Every structure is written in C-alpha cells, then in structure tokens.
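**Student:** To start, I am sharing the structure in question, which I have written as structure tokens.
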Amino acid sequence: MALSCAPFTEGESKPLSSGCQENVSRVDAFRLLYQAAEQGSVPAQTLFALNAPTHARFLRQQGSNESLAESVKLIKLAEHFGTLAAHGGSEEAVTFMISAYLNGTFGVRDTEKAYFYLLPLAAQQPSDAATTLIGSIKKTLNEKTRGEIERAALGCQSPASPIVNPFGAR
C-alpha cells in the first residue's frame with residue numbers, strides 16, 4: 001500500500017530549522033530511508049519506523065504549522081512501515097510495534113494490536129517478560145476479543161488449538 005503523504009518534497013533543499021547541517025543530514029537520511037522503504041526494503045522500513053517517532057518529536061518542538069504537519073505524516077508512515085516490516089519478518093519491527101501500541105506512539109494506545117504482535121513473538125521466543133505482558137493484556141480483553149486476536153495472530157499455531165500447522169506458516 002503506497003501512501004501519498006511522502007514526508008519530503010522532491011528536490012527540497014531547505015533544512016527543517018535554522019540551517020544546521022545536522023538537520024540537512026537528518027532530512028536526507030529520512031528521504032533515503034523513505035525511498036527504500038517505499039520500494040519494499042524491510043530493513044529500510046524497520047529503520048524508518050524505529051527512527052520516525054524521534055524525528056517527529058523534534059519536528060513538533062519546532063512549533064510551526066508545517067513542522068507539525070510533517071510530524072503527523074512521519075508518525076503515520078512509522079506505523080505503515082512498521083506494519084510492513086513486521087509482516088515482512090523483522091523481529092525488531094515486531095518489538096517496536098508492540099511497544100508503540102502499548103505506549104500510544106501512533107496517537108492512541110491499542111492493547112489489542114499490541115497483543116496481536118506479541119503473541120507470535122512470544123510463541124517463537126518464550127520468556128518470562130512476554131508471559132507477564134500477555135497475562136496483563138489478557139486481563140484487559142474480553143474472551144471473544146482475545147480469541148479473535150489469537151486466531152488472527154497465530155492461526156493454527158494457537159496453543160489452545162488442537163490442530164497445529166505442520167509447516168509453521170501463519
């Protein structure tokens with residue numbers, strides 16, 4: 001899914017603030033990451049998702065309407081590329097998406113989406129921390145919602161399911 005809200009205008013040469021070279025480099029790096037992410041590079045999608053919230057926070061501090069609008073675009077792109085990278089197999093993106101949805105990085109806390117990303121990761125890499133987090137999220141969800149999320153996230157791999165996919169596909 002291509003987004004039309006590219007955070008940078010083609011040929012844009014002005015820095016985001018007072019002309020500092022660091023800002024120019026940051027914009028150039030994000031432009032390159034954006035282009036590679038749009039072309040389907042999972043590592044670029046992951047890096048963009050991981051770094052966009054920090055850059056968006058910097059833009060919000062600038063205070064101009066233009067900077068605020070760019071900040072909103074970056075957050076939307078962080079969620080978009082984070083989703084693509086997580087579905088593309090990036091464990092780092094999966095971890096980021098869990099944290100982002102739990103902390104409200106994309107604007108709203110969404111424990112259902114965090115749970116969706118957490119379940120397959122916890123199934124592949126069981127840990128006490130994941131078990132504890134799953135337990136605390138489960139308490140906030142009703143049984144029907146939990147079941148729907150578990151089926152969507154794990155499919156036949158659900159530990160509660162008597163049928164296990166022998167091919168490990170999701």
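Ordering of the structure tokens sets the chain letters (A, B, ...); residue numbers start at 1 within each chain; ligands are numbered from 1 in the order shown.
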Need to verify the contact set: A:Ala49, 9 Å, only C-alpha atoms, exclusion of same-chain residues closer than 5 positions in sequence. Can you return it as a VMD selection string?
**Tutor:** chain A and resid 44 74 to 75 77 to 83 85 93 96 to 97
**Student:** Could you take the residues named above and write them with N, CA and C atoms, as an mmCIF file, in the first residue's frame?
**Tutor:**
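Output contents, as saved in part_38.cif:
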```
data_model
loop_
_atom_site.group_PDB
_atom_site.id
_atom_site.type_symbol
_atom_site.label_atom_id
_atom_site.label_comp_id
_atom_site.auth_asym_id
_atom_site.auth_seq_id
_atom_site.Cartn_x
_atom_site.Cartn_y
_atom_site.Cartn_z
ATOM 1 N N ALA A 44 14.932 -1.068 5.553
ATOM 2 C CA ALA A 44 14.643 0.371 5.482
ATOM 3 C C ALA A 44 13.309 0.679 6.156
ATOM 4 N N LEU A 74 5.008 11.746 9.523
ATOM 5 C CA LEU A 74 6.042 10.785 9.925
ATOM 6 C C LEU A 74 5.479 9.702 10.827
ATOM 7 N N ILE A 75 4.599 10.055 11.749
ATOM 8 C CA ILE A 75 4.010 9.060 12.650
ATOM 9 C C ILE A 75 3.145 8.079 11.861
ATOM 10 N N LEU A 77 3.534 7.296 8.744
ATOM 11 C CA LEU A 77 4.459 6.459 7.980
ATOM 12 C C LEU A 77 5.183 5.461 8.876
ATOM 13 N N ALA A 78 5.492 5.856 10.094
ATOM 14 C CA ALA A 78 6.138 4.925 11.034
ATOM 15 C C ALA A 78 5.238 3.720 11.271
ATOM 16 N N GLU A 79 3.948 3.961 11.466
ATOM 17 C CA GLU A 79 3.014 2.854 11.666
ATOM 18 C C GLU A 79 2.903 2.005 10.399
ATOM 19 N N HIS A 80 2.789 2.672 9.262
ATOM 20 C CA HIS A 80 2.670 1.959 7.974
ATOM 21 C C HIS A 80 3.898 1.077 7.712
ATOM 22 N N PHE A 81 5.078 1.675 7.797
ATOM 23 C CA PHE A 81 6.292 0.916 7.506
ATOM 24 C C PHE A 81 6.602 -0.097 8.600
ATOM 25 N N GLY A 82 6.259 0.216 9.837
ATOM 26 C CA GLY A 82 6.431 -0.751 10.912
ATOM 27 C C GLY A 82 5.587 -1.988 10.681
ATOM 28 N N THR A 83 4.350 -1.769 10.244
ATOM 29 C CA THR A 83 3.455 -2.887 9.925
ATOM 30 C C THR A 83 4.028 -3.732 8.792
ATOM 31 N N ALA A 85 7.146 -3.950 7.759
ATOM 32 C CA ALA A 85 8.386 -4.621 8.176
ATOM 33 C C ALA A 85 8.093 -5.798 9.102
ATOM 34 N N ALA A 93 11.044 -4.879 14.144
ATOM 35 C CA ALA A 93 9.812 -4.140 13.852
ATOM 36 C C ALA A 93 8.653 -4.667 14.698
ATOM 37 N N PHE A 96 9.054 -3.245 18.079
ATOM 38 C CA PHE A 96 8.696 -1.826 18.026
ATOM 39 C C PHE A 96 7.178 -1.638 18.002
ATOM 40 N N MET A 97 6.487 -2.442 17.192
ATOM 41 C CA MET A 97 5.034 -2.295 17.082
ATOM 42 C C MET A 97 4.352 -2.604 18.408
#
```
**Student:** As an exercise, work out the distance from atom CA of A:Asn103 to atom CA of A:Ser67 in Å and give it to one decimal place.
**Tutor:** 22.7 Å
**Student:** Near stretch 120-137 of chain A, counting only C-alpha atoms, which residues have an atom at most 7 Å away, once you skip same-chain residues fewer than 6 positions from it, shown as a list of chain:residue names?
**Tutor:**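 Close residues of stretch 120-137 of chain A: A:Thr111, A:Ala153, A:Leu154.
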**Student:** Any idea what's packed within 10 Å of A:Tyr101, counting only C-alpha atoms, ignoring anything in its chain fewer than 2 positions away? Could you give it as an NGL selection string?
**Tutor:** :A and (79 or 96-99 or 103-115 or 117)
**Student:** When you draw a straight line from atom CA of A:Ala69 to atom CA of A:Leu47, how long is it in Å?
**Tutor:**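 The value is 21.1 Å.
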**Student:** Give the helix (DSSP H, G or I) residues of stretch 71-169 of chain A, as assigned by DSSP on the backbone, as a PyMOL selection string.
**Tutor:** chain A and resi 71-87+91-103+111-124+128-138+143-157
**Student:** With only C-alpha atoms as the counted atoms, please give the residues lying no more than 12 Å from A:His55, apart from itself and same-chain residues fewer than 2 positions off, as a list of chain:residue names.
**Tutor:**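 So the residues in contact are A:Pro7, A:Leu16, A:Asn23, A:Arg26, A:Val27, A:Ala29, A:Phe30, A:Phe48, A:Ala49, A:Leu50, A:Asn51, A:Ala52, A:Pro53, A:Arg57, A:Phe58, A:Leu59, A:Arg60, A:Gln61, A:Gln62, A:Ser67, A:Leu68, A:Glu70, A:Ser71, A:Val72, A:Lys73, A:Leu74, A:Ile75, A:Leu77, A:Ala78.
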**Student:** Could you save those same residues with C-alpha atoms as a PDB file, in the first residue's frame?
**Tutor:**
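Result went into again03.pdb, see below:
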```
ATOM      1  CA  PRO A   7       7.222  13.490   4.127  1.00  0.00           C
ATOM      2  CA  LEU A  16      13.883  21.880   8.832  1.00  0.00           C
ATOM      3  CA  ASN A  23      19.158  18.805  10.157  1.00  0.00           C
ATOM      4  CA  ARG A  26      18.701  14.019   9.010  1.00  0.00           C
ATOM      5  CA  VAL A  27      16.290  15.015   6.253  1.00  0.00           C
ATOM      6  CA  ALA A  29      18.701  10.177   5.674  1.00  0.00           C
ATOM      7  CA  PHE A  30      14.939  10.075   6.100  1.00  0.00           C
ATOM      8  CA  PHE A  48      12.205   4.304   9.238  1.00  0.00           C
ATOM      9  CA  ALA A  49       9.626   3.028  11.732  1.00  0.00           C
ATOM     10  CA  LEU A  50      12.125   2.968  14.590  1.00  0.00           C
ATOM     11  CA  ASN A  51      13.501   6.457  13.967  1.00  0.00           C
ATOM     12  CA  ALA A  52      10.480   8.403  12.717  1.00  0.00           C
ATOM     13  CA  PRO A  53       8.912   8.978  16.176  1.00  0.00           C
ATOM     14  CA  ARG A  57       9.118  14.744  18.254  1.00  0.00           C
ATOM     15  CA  PHE A  58      11.916  17.032  17.036  1.00  0.00           C
ATOM     16  CA  LEU A  59       9.598  18.497  14.388  1.00  0.00           C
ATOM     17  CA  ARG A  60       6.824  19.128  16.933  1.00  0.00           C
ATOM     18  CA  GLN A  61       9.291  21.115  19.007  1.00  0.00           C
ATOM     19  CA  GLN A  62       9.853  23.427  16.036  1.00  0.00           C
ATOM     20  CA  SER A  67       6.610  21.132  11.134  1.00  0.00           C
ATOM     21  CA  LEU A  68       3.537  19.860  12.976  1.00  0.00           C
ATOM     22  CA  GLU A  70       5.298  16.825   8.825  1.00  0.00           C
ATOM     23  CA  SER A  71       5.362  15.292  12.303  1.00  0.00           C
ATOM     24  CA  VAL A  72       1.902  13.793  11.808  1.00  0.00           C
ATOM     25  CA  LYS A  73       2.948  12.390   8.419  1.00  0.00           C
ATOM     26  CA  LEU A  74       6.042  10.785   9.925  1.00  0.00           C
ATOM     27  CA  ILE A  75       4.010   9.060  12.650  1.00  0.00           C
ATOM     28  CA  LEU A  77       4.459   6.459   7.980  1.00  0.00           C
ATOM     29  CA  ALA A  78       6.138   4.925  11.034  1.00  0.00           C
TER      30      ALA A  78
END
```
**Student:** Between atom CA of A:Gly147 and atom CA of A:Leu119, what distance in Å does the model show, to one decimal?
**Tutor:**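 Separation between atom CA of A:Gly147 and atom CA of A:Leu119: 11.7 Å.
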